[in-house]
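See structure below.
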Amino acid sequence: MTSGLWELVLEGIWTTVQLLLFSALLAGAVSFAVGIARTSRRWIVRFLAGFYTEVFRGTSALIMIFWVYFVLPLAFGWQLVPMWAGTLALGLTYGAYGAEIVRGALNAVEPAQREGGIALGFTPWQRMRLILLPQAVPEMIPSFCNLLIELLKGTALVSVMGMGDLAFSGNLVRLALQQSAEIYSYVLLIYFVIAFLLTRMMRGLEKRLKAGIGKEPERGVSRRELRRAETTGVGAAGAGAIAGGGGS
């Protein structure tokens, strides 16, 4: 490719990274706000949060982009630039999925932890901020990592608005060079590299958060089960049984 075409691809990468960052920030804020609301004691709060979640999980992200970019200006007179239209549509859509991750992680915290906060006289917000979230957030990271990768791939949908993201730029280069296999292979590789970097970053964040509460990320079941067996004496019995079987 010529230098001009490479510059077009680099601009597309930068646009994709910007869109990913903005929509991830919006999706994260929506995830925690709606996810916490779904654990509220007030039924109206749970109902509204659940309604939002079901609506945005049950609609297509592509149609949501069309709606925000084409329908919203006609209905309300608000014309958003492609970057903010894509950010709003993707952030609200993927935030609905993230809300279920937050809700599930909060509900997975041991009930004794909540009861301890009540016994100490903490308010509901203090229990959430000081007890529940510090334990639940590290457990959310693997699921949020998967959601972030899905969001990265979802950014390609904004090309339908003519936005110069990586997918749109790659298609322009393909039309210019008439080399579909090579260009799309490059685009796939670039998406993979970005996804790999995001995965490593989220893995490091998970280690750091779990170290803060004295836990380690799961590395394998066999080692944990072996350690438990050794401490309970089951391992010795199992070893004896194996030895006995070998002798027979």
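Identifiers in this document derive from the order of the structure tokens: chains are assigned A, B, ..., residues are numbered from 1 separately in each chain, and ligands are numbered from 1 in order of occurrence.
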
I want to know what sits within 12 Å of A:Gln126, based on only C-alpha atoms, with residues of the same chain fewer than 6 positions away left out; could you give that as a PyMOL selection string? chain A and resi 114+116-118+120+132-134

Writer output for current selection, N, CA and C atoms, as a tab-separated table (two decimals), in the first residue's frame:
```tsv
chain	number	residue	atom	x	y	z
A	114	ARG	N	-23.13	-8.68	54.02
A	114	ARG	CA	-24.18	-7.66	54.16
A	114	ARG	C	-24.63	-7.55	55.61
A	116	GLY	N	-22.98	-8.25	58.23
A	116	GLY	CA	-21.95	-7.61	59.04
A	116	GLY	C	-22.01	-6.10	58.92
A	117	GLY	N	-22.28	-5.61	57.70
A	117	GLY	CA	-22.40	-4.17	57.52
A	117	GLY	C	-23.59	-3.60	58.26
A	118	ILE	N	-24.69	-4.35	58.27
A	118	ILE	CA	-25.88	-3.91	59.01
A	118	ILE	C	-25.58	-3.87	60.51
A	120	LEU	N	-22.79	-3.33	61.88
A	120	LEU	CA	-21.91	-2.21	62.18
A	120	LEU	C	-22.61	-0.86	62.05
A	132	LEU	N	-19.52	-4.37	49.66
A	132	LEU	CA	-19.97	-5.19	48.53
A	132	LEU	C	-19.13	-4.95	47.27
A	133	LEU	N	-18.98	-3.69	46.87
A	133	LEU	CA	-18.25	-3.41	45.62
A	133	LEU	C	-16.79	-3.86	45.67
A	134	PRO	N	-16.04	-3.62	46.77
A	134	PRO	CA	-14.65	-4.10	46.78
A	134	PRO	C	-14.51	-5.60	46.58
```

Using backbone DSSP assignments, extract all alpha helix (DSSP H) residues from stretch 79-228 of chain A; output them as a count of residues only. 115

Name the residues in contact with A:Glu150 at a cut-off of 12 Å, using only C-alpha atoms, excluding same-chain residues fewer than 6 positions from it; report them as a list in words. Leu20, Ser23, Ala24, Ala61, Leu90, Gly91, Thr93, Tyr94, Gly95, Tyr97, Gly98, Ser143, Phe144, Ala156, Leu157, Tyr191, Phe192, Ile194, Ala195, Leu198 and Thr199 of chain A

Could you name the residues that touch A:Tyr69 at 7 Å or less, counting only C-alpha atoms, but leaving out those on the same chain fewer than 4 positions away, as a PDB file with N, CA, C and O atoms, in the first residue's frame?
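Generated file (result-v1.pdb):
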```pdb
ATOM      1  N   ILE A  65     -28.043   2.110  16.330  1.00  0.00           N
ATOM      2  CA  ILE A  65     -27.207   3.137  15.701  1.00  0.00           C
ATOM      3  C   ILE A  65     -28.007   3.887  14.639  1.00  0.00           C
ATOM      4  O   ILE A  65     -27.960   5.123  14.555  1.00  0.00           O
ATOM      5  N   LEU A  80     -26.721  14.432  16.056  1.00  0.00           N
ATOM      6  CA  LEU A  80     -25.441  14.103  16.663  1.00  0.00           C
ATOM      7  C   LEU A  80     -24.423  13.794  15.578  1.00  0.00           C
ATOM      8  O   LEU A  80     -24.758  13.215  14.539  1.00  0.00           O
ATOM      9  N   ALA A  85     -23.011   9.784  18.143  1.00  0.00           N
ATOM     10  CA  ALA A  85     -24.137   8.880  17.887  1.00  0.00           C
ATOM     11  C   ALA A  85     -23.724   7.433  18.117  1.00  0.00           C
ATOM     12  O   ALA A  85     -24.450   6.647  18.747  1.00  0.00           O
TER      13      ALA A  85
END
```

With only C-alpha atoms as the atoms that count, which of A:Leu5, A:Ala136, A:Met64, A:Leu19 lies nearest to A:Ile36? A:Ala136
